[in-house]
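Asks: Pasting entry_39.txt here (compact mmCIF, C-alpha atoms and all ligand atoms):
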```txt
# COMPACT_ATOMS: atom_id res chain seq x y z
CA MET A 368 113.59 105.24 137.50
CA ASN A 369 116.39 106.11 139.85
CA ARG A 370 120.04 105.41 139.13
CA ARG A 371 120.22 102.35 141.35
CA ALA A 372 117.17 100.72 139.80
CA PHE A 373 118.54 101.57 136.36
CA LEU A 374 121.87 99.93 137.12
CA THR A 375 120.12 96.82 138.43
CA ALA A 376 118.04 96.57 135.28
CA LEU A 377 121.02 97.32 133.10
CA GLY A 378 123.12 94.69 134.83
CA THR A 379 120.72 91.94 133.89
CA ALA A 380 120.10 93.29 130.41
CA ALA A 381 123.81 93.80 129.78
CA ALA A 382 124.40 90.10 130.32
CA GLY A 383 123.33 89.58 126.74
CA LEU A 384 124.74 92.79 125.32
CA ALA A 385 127.79 91.28 123.70
CA ALA A 386 125.80 88.93 121.53
CA PRO A 387 123.10 90.21 119.20
CA GLY A 388 119.89 88.32 118.83
CA THR A 389 120.27 86.20 115.73
CA ALA A 390 117.69 86.61 113.04
CA ALA A 391 116.09 83.43 114.35
CA THR A 392 115.82 84.71 117.90
CA VAL A 393 114.51 88.04 116.68
CA LEU A 394 111.72 86.16 114.99
CA ALA A 395 110.85 84.17 118.11
CA ARG A 396 108.24 86.71 119.14
CA ASP A 397 106.51 84.57 121.70
CA ALA A 398 109.64 83.33 123.41
CA LYS A 399 110.19 84.77 126.88
CA PRO A 400 113.42 86.79 126.93
CA GLU A 401 115.89 85.92 129.67
CA THR A 402 115.80 89.51 130.82
CA GLU A 403 113.39 92.28 130.11
CA PRO A 404 114.52 94.69 127.40
CA LEU A 405 115.02 98.31 128.40
CA ALA A 406 113.00 101.15 126.95
CA THR A 407 113.19 104.92 127.25
CA LEU A 408 110.45 107.46 127.91
CA TYR A 409 110.50 111.08 126.76
CA ASP A 410 108.22 113.46 128.64
CA LEU A 411 107.91 116.05 125.89
CA SER A 412 106.40 118.60 128.28
CA LYS A 413 109.82 118.77 129.95
CA CYS A 414 112.02 119.12 126.88
CA VAL A 415 113.06 122.75 126.26
CA GLY A 416 115.00 122.00 123.07
CA CYS A 417 118.34 123.07 124.55
CA GLY A 418 120.31 120.47 122.53
CA ALA A 419 122.51 119.34 125.41
CA CYS A 420 121.56 115.74 124.55
CA VAL A 421 122.61 116.23 120.92
CA ALA A 422 125.99 117.60 121.97
CA ALA A 423 126.47 114.72 124.40
CA CYS A 424 125.65 112.17 121.71
CA ARG A 425 128.17 113.72 119.34
CA GLU A 426 130.86 113.77 121.98
CA ALA A 427 130.21 110.18 123.02
CA HIS A 428 130.42 108.94 119.42
CA ALA A 429 133.11 111.17 117.97
CA GLY A 430 135.33 108.13 117.41
CA ALA A 431 132.62 106.19 115.59
CA TYR A 432 131.88 108.67 112.80
CA PRO A 433 132.92 107.72 109.26
CA GLU A 434 136.09 108.95 107.55
CA PRO A 435 135.30 108.29 103.89
CA ARG A 436 137.81 107.59 101.16
CA LYS A 437 137.49 109.95 98.16
CA PRO A 438 136.87 110.05 95.29
CA PHE A 439 133.96 107.64 95.69
CA PRO A 440 133.81 104.63 93.37
CA GLU A 441 131.26 105.08 90.61
CA MET A 442 128.30 102.84 91.23
CA SER A 443 126.73 100.57 88.68
CA PRO A 444 123.85 101.04 88.14
CA ALA A 445 124.38 104.77 88.43
CA ARG A 446 120.97 105.17 90.09
CA VAL A 447 122.63 104.22 93.40
CA LYS A 448 123.55 107.75 94.43
CA ALA A 449 126.44 108.65 96.69
CA GLU A 450 125.37 110.13 100.01
CA ASP A 451 128.03 112.30 101.59
CA PHE A 452 127.74 114.24 104.82
CA SER A 453 131.47 114.35 105.50
CA GLU A 454 131.62 118.01 104.46
CA ALA A 455 128.49 118.80 106.51
CA ARG A 456 129.35 117.28 109.85
CA ASP A 457 127.91 120.21 111.76
CA VAL A 458 124.39 119.73 110.41
CA ASP A 459 122.21 119.20 113.47
CA ASP A 460 118.67 119.85 112.25
CA ARG A 461 118.20 116.34 110.85
CA LEU A 462 119.60 112.82 111.19
CA THR A 463 122.89 112.22 109.38
CA PRO A 464 125.73 109.69 109.72
CA TYR A 465 127.34 112.31 111.98
CA ASN A 466 124.21 113.29 113.90
CA TRP A 467 122.27 110.38 115.37
CA LEU A 468 119.93 112.58 117.42
CA PHE A 469 118.28 115.87 116.60
CA ILE A 470 115.61 118.10 118.10
CA GLN A 471 112.51 118.38 115.96
CA SER A 472 110.25 121.25 116.97
CA ALA A 473 106.73 122.31 116.04
CA THR A 474 104.24 124.85 117.29
CA VAL A 475 100.65 123.76 117.79
CA ALA A 476 97.62 125.19 119.55
CA LYS A 477 96.89 124.04 123.10
CA ASP A 478 93.95 125.49 125.02
CA GLY A 479 93.72 128.23 122.43
CA ARG A 480 97.34 129.32 122.78
CA PRO A 481 100.44 128.40 120.75
CA LEU A 482 102.73 125.82 122.34
CA THR A 483 106.11 124.85 120.90
CA VAL A 484 106.91 121.18 121.45
CA HIS A 485 110.49 119.88 121.12
CA ILE A 486 110.94 116.22 120.18
CA PRO A 487 114.35 114.53 120.47
CA ARG A 488 114.43 112.18 117.47
CA ARG A 489 116.58 109.13 116.97
CA CYS A 490 116.09 105.42 116.33
CA MET A 491 112.94 104.11 118.04
CA HIS A 492 114.57 100.73 118.83
CA CYS A 493 111.55 98.74 117.68
CA VAL A 494 110.41 95.61 119.46
CA HIS A 495 110.08 93.89 116.07
CA PRO A 496 112.63 95.85 114.02
CA PRO A 497 112.20 95.41 110.26
CA CYS A 498 115.67 96.87 109.75
CA ALA A 499 117.17 93.91 111.61
CA GLU A 500 114.79 91.22 110.43
CA LEU A 501 115.14 92.17 106.76
CA CYS A 502 118.84 93.09 106.53
CA PRO A 503 120.17 90.69 103.89
CA TRP A 504 123.66 90.66 105.41
CA GLY A 505 122.79 90.25 109.08
CA ALA A 506 124.48 93.57 109.83
CA ALA A 507 121.56 94.98 111.82
CA ALA A 508 120.43 93.10 114.89
CA LYS A 509 118.22 93.42 117.92
CA TYR A 510 120.05 92.94 121.23
CA PRO A 511 118.70 91.48 124.47
CA ASP A 512 118.92 94.88 126.17
CA GLY A 513 116.23 96.13 123.79
CA ALA A 514 118.46 98.18 121.50
CA VAL A 515 118.77 97.67 117.76
CA ARG A 516 122.26 98.17 116.39
CA ILE A 517 124.00 98.15 113.03
CA ASP A 518 127.41 96.46 112.87
CA THR A 519 129.32 99.05 110.86
CA ASP A 520 132.17 96.57 110.30
CA ILE A 521 130.00 94.49 107.97
CA CYS A 522 127.25 96.84 106.78
CA LEU A 523 127.47 97.28 103.01
CA GLY A 524 125.26 100.36 102.90
CA GLY A 525 122.55 98.94 100.67
CA ALA A 526 120.01 100.88 102.78
CA LYS A 527 117.45 98.09 103.02
CA CYS A 528 117.19 99.01 106.71
CA ARG A 529 116.18 102.56 105.83
CA SER A 530 113.68 101.54 103.18
CA VAL A 531 111.81 99.20 105.56
CA CYS A 532 112.01 101.49 108.60
CA PRO A 533 108.70 103.33 109.14
CA TRP A 534 110.71 106.45 110.01
CA GLN A 535 113.62 105.97 107.53
CA ILE A 536 116.04 106.43 110.43
CA PRO A 537 119.44 104.96 109.32
CA GLN A 538 121.60 107.35 107.31
CA ARG A 539 124.19 106.36 104.71
CA GLN A 540 127.72 107.62 104.27
CA THR A 541 129.35 106.65 100.99
CA GLY A 542 133.06 105.91 100.60
CA VAL A 543 133.52 103.98 103.81
CA GLY A 544 133.20 100.34 104.84
CA LEU A 545 133.52 96.85 103.55
CA TYR A 546 131.98 97.46 100.13
CA LEU A 547 135.18 99.25 99.11
CA ASP A 548 137.06 95.94 99.41
CA LEU A 549 134.33 93.65 98.11
CA LEU A 550 132.65 95.07 95.01
CA PRO A 551 133.00 98.84 95.14
CA ARG A 552 131.02 99.39 91.96
CA TYR A 553 128.27 96.87 92.60
CA ALA A 554 127.73 96.15 96.32
CA GLY A 555 125.95 98.57 98.64
CA ASN A 556 127.31 102.07 98.70
CA GLY A 557 128.80 102.78 102.12
CA VAL A 558 127.68 102.20 105.68
CA MET A 559 124.42 102.98 107.49
CA TYR A 560 124.57 104.85 110.79
CA LYS A 561 122.07 105.51 113.56
CA CYS A 562 121.70 105.68 117.36
CA ASP A 563 123.14 102.56 118.97
CA ARG A 564 121.69 103.54 122.35
CA CYS A 565 125.22 104.07 123.57
CA LYS A 566 126.41 100.49 123.32
CA ASP A 567 129.87 101.25 124.70
CA ARG A 568 128.48 103.16 127.68
CA ALA A 569 125.90 100.44 128.37
CA ALA A 570 128.67 97.83 128.47
CA LYS A 571 130.26 99.87 131.26
CA GLY A 572 127.00 100.17 133.20
CA LEU A 573 126.44 103.80 132.21
CA GLU A 574 123.24 105.49 131.10
CA PRO A 575 123.03 106.72 127.51
CA ALA A 576 124.90 110.00 127.15
CA CYS A 577 121.78 111.91 126.08
CA ILE A 578 119.90 110.91 129.23
CA GLU A 579 122.78 111.81 131.50
CA ALA A 580 123.23 115.22 129.86
CA CYS A 581 119.61 116.39 129.96
CA PRO A 582 119.22 119.23 132.48
CA GLN A 583 115.43 118.78 132.52
CA GLY A 584 115.26 115.04 133.20
CA ALA A 585 113.12 114.73 130.09
CA GLN A 586 114.10 111.12 129.38
CA THR A 587 114.18 108.02 131.61
CA ILE A 588 115.20 104.42 130.95
CA GLY A 589 114.05 101.17 132.48
CA PRO A 590 112.45 97.77 131.82
CA ARG A 591 109.84 98.20 129.09
CA SER A 592 106.86 97.11 131.20
CA ARG A 593 107.71 99.79 133.77
CA ILE A 594 108.31 102.42 131.11
CA VAL A 595 104.96 101.65 129.47
CA ALA A 596 103.23 101.86 132.88
CA ALA A 597 104.98 105.17 133.57
CA ALA A 598 103.95 106.52 130.15
CA ARG A 599 100.32 105.56 130.74
CA GLU A 600 100.30 107.17 134.17
CA LEU A 601 101.91 110.34 132.85
CA ALA A 602 99.41 110.49 129.99
CA ARG A 603 96.53 109.93 132.44
CA GLN A 604 97.71 112.66 134.78
CA THR A 605 98.41 115.23 132.09
CA GLY A 606 95.87 114.34 129.42
CA GLY A 607 98.80 113.58 127.12
CA SER A 608 99.14 111.14 124.22
CA ILE A 609 101.54 108.20 124.01
CA TYR A 610 103.63 107.44 120.92
CA GLY A 611 105.62 104.20 120.66
CA GLU A 612 103.50 101.84 122.72
CA THR A 613 101.93 100.28 119.65
CA GLU A 614 103.60 102.01 116.67
CA ASN A 615 105.27 99.49 114.37
CA GLY A 616 104.15 96.79 116.79
CA GLY A 617 105.67 98.64 119.75
CA THR A 618 109.01 100.37 120.22
CA ASN A 619 111.54 100.71 123.02
CA THR A 620 111.30 104.49 122.71
CA LEU A 621 108.10 106.05 124.03
CA TYR A 622 106.98 109.66 123.97
CA VAL A 623 104.25 111.34 125.98
CA SER A 624 103.10 114.44 124.15
CA PRO A 625 101.18 117.27 125.82
CA VAL A 626 99.26 117.85 122.58
CA PRO A 627 97.39 115.41 120.31
CA LEU A 628 99.83 113.45 118.15
CA ALA A 629 97.88 114.10 114.96
CA ASP A 630 98.26 117.86 115.52
CA LEU A 631 101.95 117.49 116.28
CA ASP A 632 102.61 115.30 113.26
CA ALA A 633 100.75 117.70 110.98
CA ALA A 634 102.87 120.62 112.22
CA LEU A 635 106.25 118.89 111.77
CA ALA A 636 108.54 119.71 108.85
CA LYS A 637 109.22 116.24 107.44
CA GLY A 638 111.67 114.99 104.84
CA PRO A 639 114.92 113.03 104.54
CA GLY A 640 116.39 112.62 108.01
CA ARG A 641 113.32 114.29 109.53
CA PRO A 642 110.77 111.62 110.44
CA GLY A 643 107.14 112.22 111.30
CA LEU A 644 105.02 111.00 114.18
CA ALA A 645 102.23 109.32 112.24
CA ARG A 646 100.48 106.27 113.62
CA THR A 647 102.35 103.33 112.11
CA ALA A 648 101.27 99.76 111.47
CA ASP A 649 103.48 96.79 112.35
CA VAL A 650 105.77 96.39 109.31
CA MET A 651 106.79 92.88 110.37
CA GLY A 652 103.11 91.96 110.76
CA GLU A 653 102.77 92.12 106.97
CA GLN A 654 102.77 88.67 105.44
CA ALA A 655 105.37 89.39 102.75
CA ASN A 656 107.85 90.87 105.21
CA LEU A 657 107.38 88.05 107.68
CA ALA A 658 107.95 85.51 104.91
CA GLY A 659 111.07 87.39 103.82
CA ALA A 660 112.42 87.36 107.35
CA VAL A 661 111.76 83.64 107.71
CA LEU A 662 113.71 83.00 104.50
CA LEU A 663 116.58 85.24 105.60
CA ALA A 664 116.80 83.93 109.16
CA PRO A 665 118.89 80.80 108.49
CA VAL A 666 121.41 82.60 106.26
CA ALA A 667 121.71 86.10 107.74
CA GLY A 668 123.78 84.98 110.73
CA VAL A 669 126.08 82.88 108.53
CA VAL A 670 126.59 85.72 106.06
CA ALA A 671 127.23 88.16 108.91
CA GLY A 672 129.84 85.78 110.36
CA ALA A 673 131.58 85.43 107.02
CA LEU A 674 131.61 89.20 106.47
CA LYS A 675 132.97 89.70 109.97
CA LEU A 676 135.84 87.32 109.27
CA TYR A 677 136.54 89.05 105.99
CA ALA A 678 136.50 92.46 107.67
CA ARG A 679 138.98 91.24 110.27
CA ALA A 680 141.23 89.78 107.60
CA LYS A 681 141.20 93.15 105.87
CA GLY A 682 142.12 94.88 109.13
CA ARG A 683 138.82 96.74 109.21
CA GLY A 684 136.60 97.19 112.23
CA ALA A 685 137.52 98.09 115.76
CA LYS A 686 141.13 98.86 114.92
CA GLU A 687 140.17 101.12 112.05
CA ASP A 688 137.58 103.35 113.65
CA GLY A 689 138.29 102.92 117.32
CA HIS A 690 134.78 101.58 117.92
CA ASP A 691 134.22 98.18 119.44
CA HIS A 692 131.47 96.93 117.21
CA ALA A 693 129.16 94.14 118.34
S1 LIG B 701 113.17 102.88 114.14
FE1 LIG B 701 113.85 102.07 112.15
S2 LIG B 701 116.06 101.86 112.35
FE2 LIG B 701 115.24 102.01 114.43
S3 LIG B 701 114.86 99.88 115.10
FE3 LIG B 701 112.93 100.63 114.19
S4 LIG B 701 113.05 99.97 112.04
FE4 LIG B 701 115.14 99.87 112.87
S1 LIG B 702 121.16 106.78 123.21
FE1 LIG B 702 123.33 107.32 122.81
S2 LIG B 702 123.58 107.02 120.58
FE2 LIG B 702 121.37 107.18 120.99
S3 LIG B 702 120.84 109.34 120.76
FE3 LIG B 702 121.28 109.02 122.95
S4 LIG B 702 123.47 109.53 123.13
FE4 LIG B 702 123.08 109.20 120.94
S1 LIG B 703 118.91 117.88 126.76
FE1 LIG B 703 116.83 117.42 127.55
S2 LIG B 703 115.74 119.40 127.49
FE2 LIG B 703 117.60 119.64 126.22
S3 LIG B 703 116.89 119.12 124.14
FE3 LIG B 703 117.66 117.21 125.01
S4 LIG B 703 115.87 116.18 125.92
FE4 LIG B 703 115.32 118.34 125.56
```
Kindly transcribe the structure held in the file into structure tokens.
Ligand code: SF4
Ligand code: SF4
Ligand code: SF4
Replies:
Amino acid sequence: MNRRAFLTALGTAAAGLAAPGTAATVLARDAKPETEPLATLYDLSKCVGCGACVAACREAHAGAYPEPRKPFPEMSPARVKAEDFSEARDVDDRLTPYNWLFIQSATVAKDGRPLTVHIPRRCMHCVHPPCAELCPWGAAAKYPDGAVRIDTDICLGGAKCRSVCPWQIPQRQTGVGLYLDLLPRYAGNGVMYKCDRCKDRAAKGLEPACIEACPQGAQTIGPRSRIVAAARELARQTGGSIYGETENGGTNTLYVSPVPLADLDAALAKGPGRPGLARTADVMGEQANLAGAVLLAPVAGVVAGALKLYARAKGRGAKEDGHDHA
């Protein structure tokens, strides 16, 4: 969509940006949202893997990256391992607390010839995000603009969000955050970080930094219904395959791949911080997870509020890391 249409859509979506959907509203799947959430579309045939988007993301979030306190407290039980990327901030071939976007590449055969496909990877911003619906502390939330964000002021780093995410997207940094003041040996183990779809830029009416920086115009943003329609049309015209329309019940990040997704997924090097592109069922459609979310819904918002107050009393939060957390 063009810039004007984007700003119009963003203006309405941004009306609810300051307030996250509570766990209860996240669960209200059939309720009509006041405004249509925004989604993004990657045309993978356009991405050349230049990394300009990755650099732009890093620059835009330089003030939000963790500055851990060392030595780390010893955790009890000891099986909760420290995760430390503070000495590896330049790593850009996977997701880390300091790298919320990376370019995953794979070479597959197309029409009998090798074709290298570059896939910008970050949070998918799920329509029904298990990370938000199952966070015990209400630190992760889905926002009316369609983004899913983690409040790093109150996240305790227990990594529930990562364990329930089909792509294990959030990344933990130990030695930072509220757990240091609460129960450093027993609660969580740091803070979880991931793409926040440029919350601060969105509040100012700006596109995400990665979209603005792309010299190929590989990514667009707009109301989800229009993005889905655009993805279907692109796939029809090019014989491509769509990822994100139905994965995990639908996401607000869609890809159109020029090669079959099964081939692409098979060719990807996967591992921690390097998600795959497998077809994924709706995690929140599973009875046990839905029941867990229903039980958490009444308390998650209250707990999040209490943690927020505690964080403020401790002088943590926006003042500490220069980031205006939701
Ligand atoms: S991709 Fe993972 S971290 Fe992102 S919204 Fe979905 S469940 Fe949450
Ligand atoms: S939307 Fe913003 S936070 Fe997310 S990957 Fe792009 S630049 Fe980074
Ligand atoms: S800036 Fe655009 S072309 Fe370059 S890697 Fe990112 S999405 Fe691909």
Asks: Would you mind listing the residues within 12 Å of ligand LIG 703 (chain B), counting only C-alpha atoms and all ligand atoms, as a ChimeraX atom specification?
Replies: /A:407-424,459,468-472,484-489,575-587,622
Asks: Determine the nearest neighbour of Val531 of chain A from the options A:Gly513, A:Gly430, A:Pro496, A:Pro464, counting only C-alpha atoms.
Replies: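 Closest to Val531 of chain A, using only C-alpha atoms: A:Pro496.
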Asks: For atom CA of Ser453 of chain A and atom CA of Pro537 of chain A, quote the distance in Å rounded to one decimal.
Replies: 15.7 Å
Asks: Would you list the contacts of Val595 of chain A as a list in words, taking every protein, DNA or RNA residue within 9 Å and counting all atoms listed in the file, but skipping same-chain residues closer than 3 positions in sequence?
Replies: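 Counting all atoms listed in the file, the residues come to Ala406, Leu408, Pro590, Arg591, Ser592, Ala598, Arg599, Glu600, Glu612 and Leu621 of chain A.
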Asks: Pick from A:Leu549, A:Pro481, A:Ala667, A:Ile588: nearest to Ala634 of chain A, with only C-alpha atoms counted?
Replies: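 Smallest separation from Ala634 of chain A among the options: A:Pro481.
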Asks: Give me the residues within 12 Å of Ala455 of chain A as a list in words, counting all atoms listed in the file and dropping any in the same chain fewer than 4 places off.
Replies: Glu450, Asp451, Asp459, Asp460, Arg461, Leu462, Thr463, Pro464, Tyr465, Asn466 and Gln540 of chain A
Asks: Keeping only C-alpha atoms, write those residues as a short mmCIF file (atom, residue, chain, number, x, y, z; two decimals), keeping the file's coordinate frame.
Replies:
```cif
data_model
loop_
_atom_site.label_atom_id
_atom_site.label_comp_id
_atom_site.auth_asym_id
_atom_site.auth_seq_id
_atom_site.Cartn_x
_atom_site.Cartn_y
_atom_site.Cartn_z
CA GLU A 450 125.37 110.13 100.01
CA ASP A 451 128.03 112.30 101.59
CA ASP A 459 122.21 119.20 113.47
CA ASP A 460 118.67 119.85 112.25
CA ARG A 461 118.20 116.34 110.85
CA LEU A 462 119.60 112.82 111.19
CA THR A 463 122.89 112.22 109.38
CA PRO A 464 125.73 109.69 109.72
CA TYR A 465 127.34 112.31 111.98
CA ASN A 466 124.21 113.29 113.90
CA GLN A 540 127.72 107.62 104.27
#
```
Asks: When distances are computed from all atoms listed in the file, which of A:Thr620, A:Thr402, A:Thr474, A:Thr519 shows the smallest separation from ligand LIG 701 (chain B)?
Replies: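 Closest to ligand LIG 701 (chain B), using all atoms listed in the file: A:Thr620.
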Asks: Using all atoms listed in the file, which residues have at least one atom no more than 7 Å from ligand LIG 701 (chain B)? Output them as an NGL selection string.
Replies: :A and (490-493 or 496-499 or 515 or 528-529 or 531-537)
